[in-house]
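Here is data_7.cif, consisting of mmCIF, C-alpha atoms (C1' of nucleotides):
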```cif
data_query
loop_
_atom_site.label_atom_id
_atom_site.label_comp_id
_atom_site.auth_asym_id
_atom_site.auth_seq_id
_atom_site.Cartn_x
_atom_site.Cartn_y
_atom_site.Cartn_z
CA MET W 104 -17.64 78.46 17.29
CA GLY W 105 -16.39 74.91 17.45
CA LEU W 106 -18.87 72.81 15.50
CA SER W 107 -22.52 73.01 14.76
CA LYS W 108 -23.86 70.36 17.17
CA LYS W 109 -27.15 70.21 15.33
CA ASP W 110 -26.86 66.46 14.88
CA GLU W 111 -26.74 66.05 18.63
CA PHE W 112 -30.43 66.89 18.68
CA THR W 113 -33.35 64.86 17.43
CA ALA W 114 -34.76 65.13 13.93
CA LYS W 115 -37.98 66.48 15.36
CA GLN W 116 -36.19 69.19 17.30
CA ASN W 117 -34.30 70.19 14.19
CA LEU W 118 -37.46 70.18 12.12
CA LEU W 119 -39.30 72.55 14.42
CA ALA W 120 -36.21 74.73 14.71
CA GLY W 121 -36.11 74.86 10.91
CA TYR W 122 -39.70 76.04 10.67
CA ALA W 123 -39.06 78.63 13.35
CA LYS W 124 -35.91 79.82 11.66
CA ALA W 125 -37.83 80.38 8.45
CA LEU W 126 -40.09 82.78 10.34
CA ALA W 127 -37.30 84.37 12.32
CA HIS W 128 -37.08 87.49 10.19
CA PRO W 129 -39.75 90.17 9.88
CA ALA W 130 -39.43 90.22 6.11
CA ARG W 131 -40.35 86.57 5.95
CA VAL W 132 -43.24 87.11 8.33
CA ALA W 133 -44.37 89.92 6.05
CA ILE W 134 -44.16 87.63 3.03
CA VAL W 135 -46.24 84.98 4.78
CA GLU W 136 -48.74 87.59 5.86
CA TYR W 137 -49.03 88.84 2.31
CA LEU W 138 -49.43 85.35 0.87
CA SER W 139 -52.06 84.41 3.42
CA THR W 140 -54.28 87.38 2.58
CA SER W 141 -53.89 87.67 -1.18
CA GLN W 142 -56.47 85.49 -2.88
CA ALA W 143 -54.41 85.22 -6.03
CA CYS W 144 -50.91 84.16 -5.07
CA MET W 145 -49.22 86.83 -7.10
CA CYS W 146 -45.49 86.64 -6.93
CA GLY W 147 -43.42 89.58 -8.11
CA ASP W 148 -45.87 91.78 -6.25
CA ILE W 149 -44.05 90.76 -3.10
CA VAL W 150 -41.01 92.72 -4.22
CA ASP W 151 -43.14 95.84 -4.63
CA VAL W 152 -44.68 95.45 -1.20
CA LEU W 153 -41.46 94.94 0.73
CA PRO W 154 -38.77 97.56 1.39
CA LEU W 155 -36.07 95.24 0.08
CA SER W 156 -34.35 94.64 -3.21
CA GLN W 157 -35.49 91.96 -5.61
CA SER W 158 -32.50 89.73 -4.90
CA THR W 159 -33.01 89.92 -1.16
CA VAL W 160 -36.68 89.04 -1.47
CA SER W 161 -35.73 86.11 -3.67
CA GLN W 162 -33.38 84.86 -0.98
CA HIS W 163 -36.07 85.10 1.67
CA LEU W 164 -38.51 83.25 -0.56
CA ARG W 165 -35.98 80.48 -1.06
CA GLU W 166 -35.61 80.06 2.68
CA LEU W 167 -39.35 79.86 3.20
CA LYS W 168 -39.59 77.35 0.38
CA SER W 169 -36.76 75.12 1.53
CA ALA W 170 -38.23 75.07 5.03
CA GLY W 171 -41.50 73.84 3.56
CA LEU W 172 -43.72 76.76 4.53
CA VAL W 173 -44.13 78.08 1.02
CA LYS W 174 -44.30 76.50 -2.40
CA GLY W 175 -43.78 78.04 -5.82
CA GLU W 176 -45.10 77.16 -9.25
CA ILE W 177 -43.60 78.49 -12.44
CA GLU W 178 -46.22 80.36 -14.39
CA GLY W 179 -44.78 81.44 -17.69
CA THR W 180 -42.11 84.01 -17.04
CA SER W 181 -42.98 84.52 -13.41
CA VAL W 182 -43.54 82.34 -10.37
CA CYS W 183 -46.63 81.88 -8.29
CA TYR W 184 -45.82 81.52 -4.62
CA CYS W 185 -48.24 80.40 -1.96
CA LEU W 186 -48.34 78.93 1.50
CA ASN W 187 -47.76 75.20 1.80
CA GLU W 188 -50.57 74.07 4.04
CA SER W 189 -49.01 70.77 5.09
CA GLY W 190 -45.90 72.48 6.40
CA TRP W 191 -48.01 74.89 8.43
CA ASN W 192 -50.09 72.11 9.85
CA GLU W 193 -47.02 70.19 10.88
CA MET W 194 -45.47 73.20 12.58
CA GLN W 195 -48.70 74.06 14.34
CA SER W 196 -49.17 70.55 15.68
CA MET W 197 -45.63 70.47 17.03
CA LEU W 198 -46.15 73.79 18.77
CA GLY W 199 -49.53 72.69 20.01
CA GLU W 200 -47.91 69.83 21.91
CA PHE W 201 -46.03 72.28 24.06
CA LEU W 202 -49.19 74.13 24.91
CA THR W 203 -51.11 71.01 25.85
CA THR W 204 -48.35 69.35 27.85
CA MET W 205 -47.34 72.58 29.50
CA LYS W 206 -47.24 72.04 33.24
CA LYS W 207 -48.12 74.81 35.62
CA CYS W 208 -45.12 75.79 37.67
CA CYS W 209 -43.37 78.61 39.52
CA MET L 1439 -24.95 94.05 4.90
CA GLY L 1440 -26.06 97.65 4.80
CA LEU L 1441 -28.41 98.21 7.70
CA SER L 1442 -30.83 96.09 9.59
CA LYS L 1443 -34.14 97.27 8.08
CA LYS L 1444 -36.08 95.75 10.96
CA ASP L 1445 -37.79 99.05 11.69
CA GLU L 1446 -39.23 99.05 8.20
CA PHE L 1447 -41.57 96.29 9.33
CA THR L 1448 -44.50 96.46 11.70
CA ALA L 1449 -44.20 95.83 15.43
CA LYS L 1450 -46.38 92.78 15.05
CA GLN L 1451 -44.19 91.33 12.34
CA ASN L 1452 -41.13 91.91 14.48
CA LEU L 1453 -42.81 90.38 17.51
CA LEU L 1454 -43.67 87.15 15.73
CA ALA L 1455 -40.22 87.05 14.16
CA GLY L 1456 -38.77 87.41 17.66
CA TYR L 1457 -40.73 84.47 18.98
CA ALA L 1458 -39.73 82.40 15.98
CA LYS L 1459 -36.11 83.36 16.35
CA ALA L 1460 -36.15 82.17 19.92
CA LEU L 1461 -37.17 78.73 18.69
CA ALA L 1462 -34.87 78.76 15.70
CA HIS L 1463 -32.24 76.53 17.27
CA PRO L 1464 -32.65 72.86 18.20
CA ALA L 1465 -31.05 73.43 21.60
CA ARG L 1466 -33.75 75.94 22.47
CA VAL L 1467 -36.45 73.64 21.17
CA ALA L 1468 -34.96 70.94 23.39
CA ILE L 1469 -35.03 73.27 26.39
CA VAL L 1470 -38.68 74.12 25.77
CA GLU L 1471 -39.49 70.45 25.33
CA TYR L 1472 -37.80 69.65 28.60
CA LEU L 1473 -39.55 72.45 30.47
CA SER L 1474 -42.93 71.47 29.10
CA THR L 1475 -42.67 67.90 30.30
CA SER L 1476 -40.93 68.30 33.65
CA GLN L 1477 -43.52 68.85 36.31
CA ALA L 1478 -41.04 70.55 38.60
CA CYS L 1479 -39.31 73.26 36.62
CA MET L 1480 -35.85 72.22 37.63
CA CYS L 1481 -33.20 74.45 36.22
CA GLY L 1482 -29.58 73.34 36.32
CA ASP L 1483 -30.82 69.95 35.19
CA ILE L 1484 -31.09 71.45 31.75
CA VAL L 1485 -27.34 71.66 31.52
CA ASP L 1486 -27.06 67.94 32.32
CA VAL L 1487 -29.62 67.02 29.69
CA LEU L 1488 -28.13 69.01 26.83
CA PRO L 1489 -24.87 68.30 24.99
CA LEU L 1490 -23.68 71.84 25.54
CA SER L 1491 -21.59 73.66 28.08
CA GLN L 1492 -23.13 75.51 30.99
CA SER L 1493 -22.32 78.91 29.54
CA THR L 1494 -23.90 78.07 26.21
CA VAL L 1495 -27.06 76.79 27.86
CA SER L 1496 -27.21 79.96 29.89
CA GLN L 1497 -27.05 82.00 26.71
CA HIS L 1498 -29.88 80.01 25.14
CA LEU L 1499 -31.99 80.43 28.25
CA ARG L 1500 -31.43 84.15 28.15
CA GLU L 1501 -32.67 84.31 24.59
CA LEU L 1502 -35.79 82.34 25.41
CA LYS L 1503 -36.39 84.57 28.38
CA SER L 1504 -35.89 87.85 26.57
CA ALA L 1505 -38.23 86.69 23.83
CA GLY L 1506 -40.89 86.06 26.47
CA LEU L 1507 -41.27 82.32 26.01
CA VAL L 1508 -39.63 81.39 29.30
CA LYS L 1509 -39.46 82.96 32.71
CA GLY L 1510 -37.04 82.37 35.56
CA GLU L 1511 -37.36 82.72 39.30
CA ILE L 1512 -34.38 82.81 41.61
CA GLU L 1513 -34.68 80.00 44.13
CA GLY L 1514 -31.85 80.24 46.61
CA THR L 1515 -28.62 79.59 44.82
CA SER L 1516 -30.22 78.28 41.67
CA VAL L 1517 -32.89 79.44 39.24
CA CYS L 1518 -36.22 77.88 38.42
CA TYR L 1519 -37.06 78.22 34.75
CA CYS L 1520 -40.42 77.50 33.24
CA LEU L 1521 -42.52 78.28 30.20
CA ASN L 1522 -44.23 81.64 30.10
CA GLU L 1523 -47.78 80.76 29.12
CA SER L 1524 -48.80 84.24 27.96
CA GLY L 1525 -45.95 84.41 25.48
CA TRP L 1526 -46.88 81.05 24.05
CA ASN L 1527 -50.50 82.03 23.75
CA GLU L 1528 -49.61 85.20 21.94
CA MET L 1529 -47.35 83.40 19.50
CA GLN L 1530 -49.91 80.69 18.87
CA SER L 1531 -52.68 83.16 18.17
CA MET L 1532 -50.51 85.06 15.71
CA LEU L 1533 -49.66 81.87 13.89
CA GLY L 1534 -53.26 80.75 14.02
CA GLU L 1535 -54.27 83.79 12.02
CA PHE L 1536 -52.24 82.60 9.09
CA LEU L 1537 -53.89 79.22 9.15
CA THR L 1538 -57.39 80.61 9.29
CA THR L 1539 -56.92 83.31 6.67
CA MET L 1540 -54.92 81.03 4.42
CA LYS L 1541 -56.44 81.13 0.95
CA LYS L 1542 -56.39 78.09 -1.28
CA CYS L 1543 -54.29 78.71 -4.34
CA CYS L 1544 -52.01 77.16 -6.96
"C1'" DA U 1215 -14.65 83.66 57.80
"C1'" DA U 1216 -13.48 80.18 54.09
"C1'" DC U 1217 -15.24 77.21 50.76
"C1'" DA U 1218 -18.58 75.04 47.60
"C1'" DT U 1219 -22.35 75.33 44.34
"C1'" DT U 1220 -24.95 77.48 40.91
"C1'" DT U 1221 -25.76 80.70 37.33
"C1'" DA U 1222 -24.45 84.82 34.56
"C1'" DT U 1223 -21.28 87.37 31.92
"C1'" DC U 1224 -16.99 88.44 29.31
"C1'" DG U 1225 -13.81 87.61 25.69
"C1'" DT U 1226 -13.03 85.07 21.57
"C1'" DA U 1227 -12.96 82.52 17.33
"C1'" DA U 1228 -15.68 80.12 13.88
"C1'" DT U 1229 -19.59 80.27 11.26
"C1'" DA U 1230 -24.06 81.91 9.46
"C1'" DT U 1231 -27.22 85.47 8.02
"C1'" DT U 1232 -28.55 89.63 5.68
"C1'" DA U 1233 -28.44 92.79 2.08
"C1'" DC U 1234 -27.17 94.69 -2.21
"C1'" DG U 1235 -25.64 95.19 -7.03
"C1'" DA U 1236 -24.35 92.73 -10.98
"C1'" DT U 1237 -25.29 89.20 -13.82
"C1'" DA U 1238 -27.36 84.98 -15.63
"C1'" DA U 1239 -31.35 82.24 -17.20
"C1'" DA U 1240 -35.73 81.63 -19.35
"C1'" DG U 1241 -39.96 82.66 -21.25
"C1'" DA U 1242 -42.96 86.49 -23.56
"C1'" DA U 1243 -43.48 90.10 -26.82
"C1'" DA U 1244 -41.88 92.80 -30.61
"C1'" DT G 560 -33.92 87.13 -33.75
"C1'" DT G 561 -33.86 90.89 -30.65
"C1'" DT G 562 -35.67 92.88 -26.72
"C1'" DC G 563 -38.22 93.11 -22.44
"C1'" DT G 564 -39.75 91.14 -18.19
"C1'" DT G 565 -39.27 88.27 -14.40
"C1'" DT G 566 -36.81 85.52 -11.19
"C1'" DA G 567 -32.55 83.16 -9.53
"C1'" DT G 568 -27.83 83.10 -8.44
"C1'" DC G 569 -23.08 84.89 -7.60
"C1'" DG G 570 -19.88 87.73 -5.19
"C1'" DT G 571 -19.31 90.67 -1.30
"C1'" DA G 572 -19.21 93.28 2.88
"C1'" DA G 573 -21.43 94.10 7.29
"C1'" DT G 574 -23.40 92.07 11.07
"C1'" DA G 575 -25.24 88.44 14.09
"C1'" DT G 576 -25.12 83.89 16.12
"C1'" DT G 577 -23.02 80.01 18.33
"C1'" DA G 578 -19.96 77.86 21.31
"C1'" DC G 579 -16.47 77.48 24.71
"C1'" DG G 580 -13.38 78.45 28.65
"C1'" DA G 581 -12.45 81.67 32.14
"C1'" DT G 582 -14.15 84.37 35.45
"C1'" DA G 583 -17.43 86.92 38.24
"C1'" DA G 584 -21.48 87.22 41.32
"C1'" DA G 585 -24.49 85.45 44.68
"C1'" DT G 586 -26.15 82.35 47.87
"C1'" DG G 587 -25.57 78.19 50.74
"C1'" DT G 588 -22.57 75.28 53.76
"C1'" DT G 589 -18.91 74.28 56.98
#
```
Before anything else, please render the file you have as structure tokens.
Amino acid sequence: MGLSKKDEFTAKQNLLAGYAKALAHPARVAIVEYLSTSQACMCGDIVDVLPLSQSTVSQHLRELKSAGLVKGEIEGTSVCYCLNESGWNEMQSMLGEFLTTMKKCC
Amino acid sequence: MGLSKKDEFTAKQNLLAGYAKALAHPARVAIVEYLSTSQACMCGDIVDVLPLSQSTVSQHLRELKSAGLVKGEIEGTSVCYCLNESGWNEMQSMLGEFLTTMKKCC
DNA sequence: AACATTTATCGTAATATTACGATAAAGAAA
DNA sequence: TTTCTTTATCGTAATATTACGATAAATGTT
């Protein structure tokens, strides 16, 4: 594959790509969906809801967290995950730019 | 890796994941950025603007197109690419749901 | 017709992602 | 302390992505 070339793009382009990548798997979309609708941000419940093993869910949660879309707080023996509003706002505003600057064409 | 498990998720979850995946690479973000700001949807210009080979750019364009975020019209010997507004609207409304239903927590 | 230009596709190597089981780590409960 | 519960991490195999050069396909030009 040669090399990664990611540093040939701007920080902003990489940031948006990172947010998008975090959502680029249906399991992670499902996690976000679950977190957005559950009033209490219960954590291990996610494993029960998804058709994936505990270790796989943990990996997906880590990706969402490192992208900045989700945050987790240790709560005794378990962890409370929830959506990180500032990350979502940032992603939404970046996407919104495309919609507003979008030129009619073709 | 076992099997893909994508059909264990809803069509909606897979659709949003597909949109996100299309944007999950800085080169594709750069293409979208370029298309959104260029009034004339010039096509082969994209290759000149990006630090990637023609074949690689073509691959990225195909992914954006098959996801429904970009459309292309043959224009003589070249192709005119531009953003597909309906795809963007759909993605934005799906993402918007998360923001509006997002419960405060932690 | 012969040639040039533009884009798509094929073949490929390098790398990254996905998924699982096994195991570790850390606090709660006995 | 021992045990249970919960989550994270390691090791791994299977699969997918990324990137390029080479080549094909299609239209325009001479």
Ground truth for the PyMOL selection byres ((chain W) within 6 of (chain L)), written as a PyMOL selection string: chain W and resi 116-117+120+123-124+126-129+132+139+142+201+204-206
DT1237 in chain U environment, 12 Å, only C-alpha atoms (C1' of nucleotides), sequence neighbours closer than 3 positions dropped, as a VMD selection string: (chain W and resid 158) or (chain G and resid 567 to 570)
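Separating CA of Gln1497 in chain L from C1' of DA578 in chain G is a distance of 9.8 Å.
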d(CA of Ser1442 in chain L, CA of Gln157 in chain W) in Å: 16.4 Å
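A straight line drawn from CA of Gly190 in chain W to CA of Val160 in chain W is 20.5 Å long.
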Selection result of the PyMOL selection byres ((chain W) within 10 of (chain G)) on this file, as number ranges by chain: W: 104-108, 146-147, 157-158, 161-162, 165, 177, 179-182
The PyMOL selection byres ((chain U) within 7 of (chain W)) resolved against shown file, as a CSV table (one decimal) with C-alpha atoms (C1' of nucleotides), in the coordinates of the input:
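Generated file (result.csv):
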```
chain,number,residue,atom,x,y,z
U,1227,DA,C1',-13.0,82.5,17.3
U,1228,DA,C1',-15.7,80.1,13.9
U,1229,DT,C1',-19.6,80.3,11.3
U,1233,DA,C1',-28.4,92.8,2.1
U,1241,DG,C1',-40.0,82.7,-21.2
```
Size and centre in Å, one decimal, axis-aligned box, all listed range 567-582 of chain G atoms plus 5 Å per side, as AutoDock Vina command-line options:
```
--center_x -22.5 --center_y 85.8 --center_z 13.0 --size_x 30.1 --size_y 26.6 --size_z 55.0
```
